Amino acid sequence: MSVVTDTTTRIRLTDEGFPDLKEVQWIINPWDELALTRALELKEDPGNAVDKVTVMHVGTASHEHVVRKALAMGADDAIRIDAEPMDSWDTAFRLAEALRKRMPDLILAGIESSDYNGGAVGGLVAGLLDISSVSAVSGLQVQGGEITVIRDRDGGRETLRTGLPLLAVVQKGIAKEPRMPSMRGIMMARKKPVSVIKTETTEPLITYEKYELPSPKPPCHMVDADKPDVLLDLLEKEAKVIRLS
Amino acid sequence: MSVLIFTENRNGTFPGYIRELVTWGRQLADRMQMQAVVLSPGEVKEETLAGLGKYGAGRVLCVRVPDPDVMDNRFYADVIMKVAEKVHAEIFLFAHSNTGKALAPVIAAKYGAAYVSAVTGIPEQANPFVVRKKIFSGKVFTDIRMKTGKKVMTLAPHAVEAVAAYREVTPEILSVGLDKARITTRRLDVHTSQGKVLLTDANVVVSGGRGMQNPGNFSLLEELAGLLGGAVACTRPVSDEGWRPADEHAGQTGKIIAPDLYFAFGISGAIQHLAGVSSSKVIAAVNTDPDAPIFEAADYGVVADAMTFLPKLIEAVKRRKSP
Ligand SMILES: Cc1cc2nc3c(=O)[nH]c(=O)nc-3n(C[C@H](O)[C@H](O)[C@H](O)COP(=O)(O)OP(=O)(O)OC[C@H]3O[C@@H](n4cnc5c(N)ncnc54)[C@H](O)[C@@H]3O)c2cc1C
Ligand SMILES: Nc1ncnc2c1ncn2[C@@H]1O[C@H](COP(=O)(O)O)[C@@H](O)[C@H]1O
């Protein structure tokens with residue numbers, strides 16, 4: 001589970017040119033919130049053989065309150081790998097090391113973190129662990145030793161059957177709405193364990209050299225409401241995005 | 001050494017992005033003084049494979065996979081790595097499609113190679129190798145230095161223009177030893193919406209928000225989409241209300257799409273909605289409110305009641321299509 005800046009945040013750059021994240025609100029990455037919701041549904045459904053849901057996060061103590069929210073939603077426990085992630089490789093390397101020691105049957109990751117849009121960690125962990133993975137998963141059932149997933153492939157939707165262990169990279173549709181923590185959930189979360197562990201890592205493989213705000217877009221070209229033909233001309237001849245004749 | 005460009009195929013034909021992807025790979029290969037090699041496993045006809053020479057592919061390779069229901073990332077990663085060894089691949093390029101996004105990081109993990117998804121251009125030079133991408137859902141650009149010898153990337157949609165650069169190629173069918181025991185993921189079933197243009201494939205998307213007033217008015221959008229050969233999308237409240245099916249909802253929590261033209265009717269332009277459509281090449285918007293935020297994101301705008309403007313627009317399109 002990754003912790004990200006709230007998606008409505010207006011991003012400014014500091015004088016040094018880095019995204020200014022001082023006053024932003026931190027939330028559970030929306031995809032991970034949906035993944036956790038589905039995991040909890042699977043655990044509650046007696047037909048699905050899931051008996052424990054653990055949240056794993058690489059991050060410093062400063063985000064622990066967001067990890068607590070996952071416990072309040074209903075996760076049984078949490079493992080926080082204590083480190084400031086350097087890049088997605090570093091994150092994945094640490095997660096893989098921790099997972100090797102307590103290999104679960106099913107690992108869920110989000111399709112991307114909504115801030116850095118890396119889209120990397122899930123697939124990297126699957127590669128590092130050399131386990132099966134499926135991406136763009138929008139439906140998931142566990143029956144006995146087998147998992148059925150629905151995934152969107154460009155051009156259609158497919159039902160796949162896959163074995164364990166599996167890393168599923170999930171997207172929209174995996175759960176309908178993220179589950180809200182209940183009052184009781186919040187009380188119970190206080191007693192749930194967050195184990196803090198250390199892992200080895202390697203050098204980062206990428207570095208962020210520079211950030212830039214996009215140059216302001218030219219103002220919108222307004223067309224008179226009585227002149228649909230002018231709009232079509234612009235789309236056809238200026239922008240060249242439609243072809244009618 | 002080579003740049004290995006991976007592409008999926010659907011029942012033997014290449015997806016629409018193939019021209020951009022091969023163009024990008026060829027330009028990068030030229031800059032790096034490498035060869036551009038395309039790999040598409042599966043059952044693709046030789047003449048279809050040879051067609052990739054048109055965009056500058058130096059070699060085109062295919063590995064036959066007899067069972068089309070094998071949908072296993074690990075298996076395809078093995079195929080790619082075996083081929084990579086034969087062609088001395090240093091750089092691995094994928095489309096930013098669901099298939100590309102699934103395979104690219106697995107390959108990167110196997111090699112311990114730097115991975116960047118959705119890059120928007122070609123690096124200026126081989127060393128340092130710096131690529132650009134958008135983060136914070138398009139609100140910031142960042143330049144990322146990839147520090148390993150082998151590098152893996154996916155290409156953001158519309159990042160490059162397809163440019164023809166004819167090269168004569170003879171497709172090569174390779175056989176690589178494959179370990180079938182590693183296949184654990186198989187397809188049971190496919191559901192493609194027959195006859196309809198898929199939202200994620202469409203060059204033109206006609207989309208409606210709450211400003212369309214009621215589900216009945218979406219027939220106007222369907223008619224326009226039909227005339228333009230496009231697909232229909234909507235905002236989240238529209239699908240939440242059940243006016244349109246959930247799989248048409250675009251945005252941060254819906255589909256992320258990047259058509260050539262995104263046509264927004266009665267959509268306010270909330271940041272979560274824009275997160276899913278802002279990579280479109282051109283955005284045109286129709287809204288009654290001249291201050292609607294959608295006009296800040298749009299290239300072309302009309303301040304009008306959608307229900308009055310749409311019939312006029314549809315008439316104008318019909319007139320042009322049958323002069
Ligand atoms: C965590 C989170 C995630 C979200 N994810 C998404 C997402 O993925 N996708 C998404 O779309 N939303 C998402 N939303 C919701 C988003 O914030 C907006 O509420 C939503 O996009 C607004 O939809 P709308 O533009 O259809 O409706 P409104 O905001 O109600 O806008 C309707 C527009 O129609 C115009 N209008 C009214 N009548 C007419 C007329 N007759 N002709 C022309 N124009 C007219 C109005 O001027 C107005 O601008 C998310 C919200 C949150 C909090
Ligand atoms: N710091 C982290 N700790 C745990 N999981 C993470 C972390 N960063 C990313 N992930 C997982 O990887 C997914 C994709 O993230 P990313 O590759 O950063 O876009 C997220 O949805 C999470 O499931």
# chains A, B, ... in the order shown; residues from 1 in each chain; ligands from 1

$ residues_around --residues "stretch 141-156 of chain B" --least-positions-apart "3" --cutoff "7 Å" --atoms "only C-alpha atoms" --output "number ranges by chain"
A: 205-214; B: 90-96, 100, 104, 108, 113-120, 128-135, 159

$ write_last_selection --atoms "N, CA, C and O atoms" --output "short mmCIF file (atom, residue, chain, number, x, y, z; two decimals), in the first residue's frame"
data_model
loop_
_atom_site.label_atom_id
_atom_site.label_comp_id
_atom_site.auth_asym_id
_atom_site.auth_seq_id
_atom_site.Cartn_x
_atom_site.Cartn_y
_atom_site.Cartn_z
N LEU A 205 18.02 2.97 -9.01
CA LEU A 205 18.37 2.80 -10.42
C LEU A 205 17.99 4.02 -11.24
O LEU A 205 18.42 4.16 -12.38
N ILE A 206 17.14 4.87 -10.67
CA ILE A 206 16.80 6.10 -11.38
C ILE A 206 16.93 7.27 -10.40
O ILE A 206 16.83 7.08 -9.19
N THR A 207 17.17 8.45 -10.96
CA THR A 207 17.10 9.64 -10.11
C THR A 207 16.24 10.69 -10.81
O THR A 207 16.26 10.81 -12.04
N TYR A 208 15.48 11.40 -10.00
CA TYR A 208 14.66 12.49 -10.53
C TYR A 208 15.56 13.71 -10.63
O TYR A 208 16.03 14.23 -9.63
N GLU A 209 15.84 14.14 -11.86
CA GLU A 209 16.81 15.20 -12.06
C GLU A 209 16.18 16.57 -11.95
O GLU A 209 16.81 17.52 -11.54
N LYS A 210 14.94 16.69 -12.38
CA LYS A 210 14.37 18.02 -12.54
C LYS A 210 12.85 17.93 -12.56
O LYS A 210 12.30 16.95 -13.06
N TYR A 211 12.19 18.95 -12.02
CA TYR A 211 10.73 19.01 -12.10
C TYR A 211 10.35 20.30 -12.82
O TYR A 211 11.05 21.30 -12.70
N GLU A 212 9.25 20.28 -13.53
CA GLU A 212 8.82 21.47 -14.25
C GLU A 212 7.31 21.49 -14.30
O GLU A 212 6.68 20.46 -14.53
N LEU A 213 6.72 22.67 -14.11
CA LEU A 213 5.28 22.77 -14.30
C LEU A 213 5.04 22.93 -15.79
O LEU A 213 5.81 23.60 -16.47
N PRO A 214 3.99 22.30 -16.32
CA PRO A 214 3.75 22.44 -17.76
C PRO A 214 3.52 23.91 -18.11
O PRO A 214 2.93 24.64 -17.31
N GLU B 90 19.52 -4.05 -25.41
CA GLU B 90 19.92 -3.22 -24.27
C GLU B 90 18.75 -2.39 -23.78
O GLU B 90 18.65 -2.04 -22.62
N ILE B 91 17.89 -2.01 -24.74
CA ILE B 91 16.77 -1.14 -24.39
C ILE B 91 15.49 -1.87 -24.76
O ILE B 91 15.39 -2.45 -25.84
N PHE B 92 14.53 -1.87 -23.85
CA PHE B 92 13.28 -2.61 -24.02
C PHE B 92 12.13 -1.63 -24.02
O PHE B 92 11.92 -0.91 -23.05
N LEU B 93 11.39 -1.61 -25.13
CA LEU B 93 10.29 -0.66 -25.26
C LEU B 93 8.95 -1.38 -25.34
O LEU B 93 8.81 -2.36 -26.06
N PHE B 94 7.99 -0.84 -24.61
CA PHE B 94 6.63 -1.38 -24.63
C PHE B 94 5.67 -0.21 -24.82
O PHE B 94 5.98 0.93 -24.48
N ALA B 95 4.46 -0.52 -25.31
CA ALA B 95 3.41 0.50 -25.31
C ALA B 95 2.91 0.66 -23.88
O ALA B 95 3.03 -0.27 -23.07
N HIS B 96 2.34 1.81 -23.57
CA HIS B 96 1.74 2.00 -22.24
C HIS B 96 0.31 1.46 -22.27
O HIS B 96 -0.65 2.13 -21.93
N GLY B 100 1.59 -3.91 -22.05
CA GLY B 100 2.93 -3.33 -21.86
C GLY B 100 3.20 -3.04 -20.39
O GLY B 100 4.27 -3.37 -19.87
N ALA B 104 6.48 -4.99 -18.81
CA ALA B 104 7.70 -4.19 -18.71
C ALA B 104 8.36 -4.27 -17.32
O ALA B 104 9.56 -4.53 -17.23
N ALA B 108 12.09 -5.68 -16.22
CA ALA B 108 13.04 -4.80 -15.51
C ALA B 108 13.54 -5.49 -14.25
O ALA B 108 14.74 -5.44 -13.94
N ALA B 113 17.10 -3.77 -14.13
CA ALA B 113 17.23 -2.62 -15.03
C ALA B 113 16.32 -1.49 -14.57
O ALA B 113 15.24 -1.73 -14.03
N ALA B 114 16.74 -0.26 -14.83
CA ALA B 114 15.90 0.89 -14.52
C ALA B 114 14.63 0.82 -15.36
O ALA B 114 14.67 0.44 -16.53
N TYR B 115 13.50 1.20 -14.75
CA TYR B 115 12.22 1.17 -15.45
C TYR B 115 11.50 2.50 -15.29
O TYR B 115 11.37 3.00 -14.18
N VAL B 116 11.05 3.06 -16.40
CA VAL B 116 10.21 4.25 -16.34
C VAL B 116 9.00 4.03 -17.23
O VAL B 116 9.14 3.62 -18.39
N SER B 117 7.80 4.26 -16.69
CA SER B 117 6.58 4.06 -17.47
C SER B 117 6.13 5.38 -18.07
O SER B 117 6.42 6.46 -17.55
N ALA B 118 5.41 5.28 -19.16
CA ALA B 118 4.76 6.43 -19.81
C ALA B 118 5.72 7.58 -20.11
O ALA B 118 5.43 8.74 -19.81
N VAL B 119 6.87 7.28 -20.72
CA VAL B 119 7.78 8.37 -21.06
C VAL B 119 7.22 9.12 -22.27
O VAL B 119 6.48 8.58 -23.07
N THR B 120 7.57 10.41 -22.33
CA THR B 120 6.93 11.25 -23.35
C THR B 120 7.88 11.68 -24.46
O THR B 120 7.50 12.47 -25.30
N PRO B 128 24.32 11.24 -19.97
CA PRO B 128 23.34 10.49 -19.21
C PRO B 128 22.04 10.28 -19.99
O PRO B 128 21.68 11.10 -20.82
N PHE B 129 21.37 9.19 -19.68
CA PHE B 129 20.14 8.81 -20.38
C PHE B 129 18.98 9.36 -19.56
O PHE B 129 18.65 8.84 -18.51
N VAL B 130 18.40 10.45 -20.05
CA VAL B 130 17.37 11.14 -19.27
C VAL B 130 16.06 11.17 -20.06
O VAL B 130 16.03 11.62 -21.20
N VAL B 131 14.99 10.66 -19.45
CA VAL B 131 13.69 10.67 -20.12
C VAL B 131 12.73 11.54 -19.33
O VAL B 131 12.91 11.81 -18.14
N ARG B 132 11.67 11.96 -20.01
CA ARG B 132 10.71 12.86 -19.39
C ARG B 132 9.39 12.12 -19.21
O ARG B 132 9.01 11.28 -20.02
N LYS B 133 8.71 12.38 -18.11
CA LYS B 133 7.35 11.86 -17.97
C LYS B 133 6.51 12.82 -17.15
O LYS B 133 7.04 13.71 -16.49
N LYS B 134 5.19 12.62 -17.22
CA LYS B 134 4.28 13.44 -16.42
C LYS B 134 4.00 12.72 -15.12
O LYS B 134 3.80 11.51 -15.11
N ILE B 135 3.97 13.49 -14.03
CA ILE B 135 3.56 12.91 -12.75
C ILE B 135 2.44 13.76 -12.15
O ILE B 135 2.06 14.77 -12.73
N ALA B 159 2.85 10.52 -27.52
CA ALA B 159 4.13 11.15 -27.19
C ALA B 159 4.93 11.46 -28.45
O ALA B 159 5.70 12.41 -28.47
#

$ interface_residues --of "chain B" --to "chain A" --cutoff "6 Å" --atoms "only C-alpha atoms" --output "PyMOL selection string"
chain B and resi 98+102+105-106+109-110+114+135-136+140-147+184-192+253+260-261+298-302+304+313+321

$ write_last_selection --atoms "N, CA, C and O atoms" --output "short mmCIF file (atom, residue, chain, number, x, y, z; two decimals), in the first residue's frame"
data_model
loop_
_atom_site.label_atom_id
_atom_site.label_comp_id
_atom_site.auth_asym_id
_atom_site.auth_seq_id
_atom_site.Cartn_x
_atom_site.Cartn_y
_atom_site.Cartn_z
N ASN B 98 -2.29 -1.99 -21.33
CA ASN B 98 -2.35 -2.88 -20.17
C ASN B 98 -1.35 -4.03 -20.30
O ASN B 98 -0.78 -4.47 -19.31
N ALA B 102 2.03 -4.48 -17.89
CA ALA B 102 2.16 -5.71 -17.11
C ALA B 102 3.53 -6.35 -17.31
O ALA B 102 4.15 -6.82 -16.35
N PRO B 105 7.61 -4.06 -16.23
CA PRO B 105 8.30 -4.11 -14.93
C PRO B 105 8.82 -5.51 -14.56
O PRO B 105 9.82 -5.63 -13.85
N VAL B 106 8.16 -6.55 -15.07
CA VAL B 106 8.64 -7.91 -14.79
C VAL B 106 10.02 -8.10 -15.44
O VAL B 106 10.96 -8.60 -14.82
N ALA B 109 12.64 -6.16 -13.53
CA ALA B 109 13.04 -6.83 -12.29
C ALA B 109 14.05 -7.93 -12.57
O ALA B 109 15.04 -8.10 -11.86
N LYS B 110 13.81 -8.69 -13.66
CA LYS B 110 14.70 -9.81 -13.99
C LYS B 110 16.12 -9.33 -14.26
O LYS B 110 17.08 -9.99 -13.93
N ALA B 114 16.74 -0.26 -14.83
CA ALA B 114 15.90 0.89 -14.52
C ALA B 114 14.63 0.82 -15.36
O ALA B 114 14.67 0.44 -16.53
N ILE B 135 3.97 13.49 -14.03
CA ILE B 135 3.56 12.91 -12.75
C ILE B 135 2.44 13.76 -12.15
O ILE B 135 2.06 14.77 -12.73
N PHE B 136 1.96 13.36 -11.01
CA PHE B 136 0.81 14.02 -10.39
C PHE B 136 -0.31 14.19 -11.43
O PHE B 136 -0.84 15.28 -11.62
N VAL B 140 2.66 17.90 -13.32
CA VAL B 140 4.09 18.21 -13.26
C VAL B 140 4.83 17.33 -14.28
O VAL B 140 4.44 16.19 -14.50
N PHE B 141 5.88 17.89 -14.89
CA PHE B 141 6.79 17.09 -15.70
C PHE B 141 8.03 16.78 -14.87
O PHE B 141 8.46 17.62 -14.09
N THR B 142 8.61 15.62 -15.07
CA THR B 142 9.89 15.37 -14.42
C THR B 142 10.86 14.72 -15.40
O THR B 142 10.44 13.98 -16.29
N ASP B 143 12.14 15.05 -15.24
CA ASP B 143 13.18 14.41 -16.04
C ASP B 143 13.83 13.35 -15.17
O ASP B 143 14.29 13.64 -14.07
N ILE B 144 13.86 12.14 -15.67
CA ILE B 144 14.36 11.02 -14.88
C ILE B 144 15.60 10.44 -15.54
O ILE B 144 15.60 10.16 -16.74
N ARG B 145 16.64 10.30 -14.76
CA ARG B 145 17.86 9.69 -15.28
C ARG B 145 17.84 8.20 -14.99
O ARG B 145 17.65 7.78 -13.85
N MET B 146 18.05 7.41 -16.04
CA MET B 146 18.07 5.95 -15.90
C MET B 146 19.52 5.53 -15.84
O MET B 146 20.28 5.78 -16.77
N LYS B 147 19.92 4.88 -14.73
CA LYS B 147 21.35 4.72 -14.47
C LYS B 147 21.94 3.35 -14.78
O LYS B 147 23.12 3.15 -14.58
N THR B 184 1.10 -20.73 -15.65
CA THR B 184 0.07 -20.97 -14.63
C THR B 184 -1.20 -20.18 -14.93
O THR B 184 -2.22 -20.41 -14.31
N THR B 185 -1.12 -19.25 -15.87
CA THR B 185 -2.27 -18.38 -16.12
C THR B 185 -2.83 -18.65 -17.51
O THR B 185 -2.11 -18.54 -18.50
N ARG B 186 -4.10 -19.02 -17.54
CA ARG B 186 -4.75 -19.32 -18.81
C ARG B 186 -6.07 -18.58 -18.91
O ARG B 186 -6.74 -18.36 -17.91
N ARG B 187 -6.43 -18.29 -20.16
CA ARG B 187 -7.69 -17.60 -20.39
C ARG B 187 -8.84 -18.60 -20.43
O ARG B 187 -8.74 -19.64 -21.07
N LEU B 188 -9.92 -18.29 -19.72
CA LEU B 188 -11.10 -19.14 -19.76
C LEU B 188 -12.10 -18.59 -20.74
O LEU B 188 -12.88 -19.32 -21.34
N ASP B 189 -12.11 -17.28 -20.88
CA ASP B 189 -13.23 -16.64 -21.53
C ASP B 189 -12.83 -15.22 -21.97
O ASP B 189 -12.07 -14.57 -21.29
N VAL B 190 -13.34 -14.79 -23.12
CA VAL B 190 -13.11 -13.40 -23.55
C VAL B 190 -14.47 -12.76 -23.80
O VAL B 190 -15.34 -13.38 -24.39
N HIS B 191 -14.63 -11.54 -23.39
CA HIS B 191 -15.82 -10.79 -23.78
C HIS B 191 -15.41 -9.50 -24.44
O HIS B 191 -14.90 -8.62 -23.79
N THR B 192 -15.57 -9.45 -25.76
CA THR B 192 -15.33 -8.18 -26.44
C THR B 192 -16.68 -7.67 -26.88
O THR B 192 -17.53 -8.44 -27.30
N THR B 253 -10.65 7.52 -11.24
CA THR B 253 -11.10 6.21 -10.75
C THR B 253 -11.79 5.42 -11.86
O THR B 253 -12.38 4.37 -11.59
N ASP B 260 -7.60 10.99 -29.99
CA ASP B 260 -7.18 12.19 -30.72
C ASP B 260 -8.10 13.35 -30.33
O ASP B 260 -7.66 14.47 -30.14
N LEU B 261 -9.40 13.05 -30.25
CA LEU B 261 -10.37 14.10 -29.91
C LEU B 261 -11.26 13.64 -28.76
O LEU B 261 -11.90 12.59 -28.84
N ALA B 298 -9.62 22.76 -22.21
CA ALA B 298 -10.02 22.51 -23.60
C ALA B 298 -9.24 23.35 -24.59
O ALA B 298 -8.73 24.42 -24.27
N ASP B 299 -9.15 22.84 -25.84
CA ASP B 299 -8.54 23.58 -26.93
C ASP B 299 -9.60 24.38 -27.68
O ASP B 299 -9.34 25.47 -28.17
N TYR B 300 -10.80 23.78 -27.80
CA TYR B 300 -11.91 24.45 -28.48
C TYR B 300 -13.11 24.41 -27.54
O TYR B 300 -13.36 23.40 -26.88
N GLY B 301 -13.86 25.52 -27.51
CA GLY B 301 -15.00 25.56 -26.61
C GLY B 301 -16.20 26.24 -27.22
O GLY B 301 -16.08 27.10 -28.09
N VAL B 302 -17.38 25.80 -26.78
CA VAL B 302 -18.61 26.44 -27.21
C VAL B 302 -19.46 26.64 -25.95
O VAL B 302 -19.68 25.69 -25.20
N ALA B 304 -22.85 26.84 -24.82
CA ALA B 304 -24.16 26.54 -25.39
C ALA B 304 -24.84 25.46 -24.57
O ALA B 304 -24.19 24.71 -23.84
N LEU B 313 -25.03 20.37 -34.60
CA LEU B 313 -23.72 19.80 -34.91
C LEU B 313 -23.88 18.51 -35.71
O LEU B 313 -23.18 18.27 -36.70
N LYS B 321 -20.67 14.62 -44.51
CA LYS B 321 -20.37 13.23 -44.86
C LYS B 321 -21.04 12.82 -46.18
O LYS B 321 -20.53 11.97 -46.87
#

$ select_by_dssp --residues "stretch 82-188 of chain A" --states "strand (DSSP E)" --output "ChimeraX atom specification"
/A:82,106-110,132-143,146-153,156-162,166-170

$ residues_around --residues "stretch 33-47 of chain B" --least-positions-apart "5" --cutoff "6 Å" --atoms "only C-alpha atoms" --output "PyMOL selection string"
chain B and resi 1-8+12+26+57-65

$ write_last_selection --atoms "C-alpha atoms" --output "PDB file, in the first residue's frame"
ATOM      1  CA  MET B   1      23.264  -4.052 -29.588  1.00  0.00           C
ATOM      2  CA  SER B   2      19.601  -3.413 -30.145  1.00  0.00           C
ATOM      3  CA  VAL B   3      16.449  -1.707 -29.021  1.00  0.00           C
ATOM      4  CA  LEU B   4      13.814  -4.417 -28.571  1.00  0.00           C
ATOM      5  CA  ILE B   5      10.286  -3.191 -29.239  1.00  0.00           C
ATOM      6  CA  PHE B   6       7.591  -5.494 -27.919  1.00  0.00           C
ATOM      7  CA  THR B   7       4.092  -5.420 -29.317  1.00  0.00           C
ATOM      8  CA  GLU B   8       1.075  -7.542 -28.660  1.00  0.00           C
ATOM      9  CA  GLY B  12      -2.989 -11.404 -35.746  1.00  0.00           C
ATOM     10  CA  ARG B  26      13.568   3.453 -34.521  1.00  0.00           C
ATOM     11  CA  ALA B  57      11.929  -1.620 -38.020  1.00  0.00           C
ATOM     12  CA  GLY B  58      15.341  -3.114 -38.803  1.00  0.00           C
ATOM     13  CA  ARG B  59      14.328  -6.671 -37.890  1.00  0.00           C
ATOM     14  CA  VAL B  60      10.913  -8.149 -37.178  1.00  0.00           C
ATOM     15  CA  LEU B  61      10.714 -11.296 -35.085  1.00  0.00           C
ATOM     16  CA  CYS B  62       7.890 -13.591 -34.144  1.00  0.00           C
ATOM     17  CA  VAL B  63       7.829 -16.506 -31.756  1.00  0.00           C
ATOM     18  CA  ARG B  64       4.897 -18.818 -32.439  1.00  0.00           C
ATOM     19  CA  VAL B  65       2.780 -19.507 -29.386  1.00  0.00           C
TER      20      VAL B  65
END

$ residues_around --residues "stretch 213-227 of chain B" --least-positions-apart "6" --cutoff "7 Å" --atoms "only C-alpha atoms" --output "list in words"
Val205, Val206, Trp243, Leu310 and Ile314 of chain B

$ residues_near_ligand --ligand "ligand 1" --cutoff "8 Å" --atoms "only C-alpha atoms and all ligand atoms" --output "PyMOL selection string"
(chain A and resi 7+30) or (chain B and resi 208-213+234-238+249-255+265-276+286-290+292-294+303-307)

$ closest_residue --among "A:Lys101, A:His57, A:Lys52, A:Lys22" --to "ligand 2" --atoms "only C-alpha atoms and all ligand atoms"
A:His57

$ atom_distance --atom1 "atom CA of B:Arg74" --atom2 "atom CA of B:Arg182"
7.2 Å

$ select_by_dssp --residues "stretch 36-92 of chain A" --states "alpha helix (DSSP H)" --output "CSV table (one decimal) with C-alpha atoms, in the first residue's frame"
chain,number,residue,atom,x,y,z
A,36,LEU,CA,-7.9,-3.6,0.5
A,37,THR,CA,-11.6,-3.3,0.3
A,38,ARG,CA,-11.7,-6.3,-2.0
A,39,ALA,CA,-9.4,-8.3,0.3
A,40,LEU,CA,-11.7,-7.6,3.2
A,41,GLU,CA,-14.7,-8.7,1.2
A,42,LEU,CA,-12.9,-12.0,0.3
A,43,LYS,CA,-12.1,-12.6,3.9
A,44,GLU,CA,-15.7,-12.0,5.0
A,64,GLU,CA,2.0,5.7,10.1
A,65,HIS,CA,-1.4,7.4,10.7
A,66,VAL,CA,-2.4,6.5,7.1
A,67,VAL,CA,-1.4,2.8,7.8
A,68,ARG,CA,-3.6,3.0,10.9
A,69,LYS,CA,-6.5,4.0,8.7
A,70,ALA,CA,-6.1,0.7,6.7
A,71,LEU,CA,-6.3,-1.2,10.1
A,72,ALA,CA,-9.4,0.8,10.9
A,73,MET,CA,-10.9,-0.3,7.6
A,88,SER,CA,10.2,2.1,-7.3
A,89,TRP,CA,13.1,-0.3,-7.5
A,90,ASP,CA,14.1,0.4,-3.9
A,91,THR,CA,10.5,0.0,-2.8
A,92,ALA,CA,10.0,-3.3,-4.7

$ residues_around --residues "A:Ile81" --least-positions-apart "5" --cutoff "8 Å" --atoms "only C-alpha atoms" --output "JSON, numbers by chain"
{"A": [56, 57, 58, 59, 60, 94, 95, 196, 197, 198, 199]}

$ atom_distance --atom1 "atom CA of B:Gly112" --atom2 "atom CA of B:Ala77"
13.8 Å

$ closest_residue --among "A:Glu177, A:Glu97, A:Glu112, A:Glu84" --to "ligand 2" --atoms "only C-alpha atoms and all ligand atoms"
A:Glu112

$ atom_distance --atom1 "atom CA of B:Glu315" --atom2 "atom CA of B:Asp291"
27.5 Å

$ closest_residue --among "A:Met183, A:Leu108, A:Val142, A:Met188" --to "ligand 2" --atoms "only C-alpha atoms and all ligand atoms"
A:Leu108

$ residues_around --residues "B:Gly51" --least-positions-apart "3" --cutoff "10 Å" --atoms "only C-alpha atoms" --output "PyMOL selection string"
chain B and resi 46-48+54-57+60+166-171
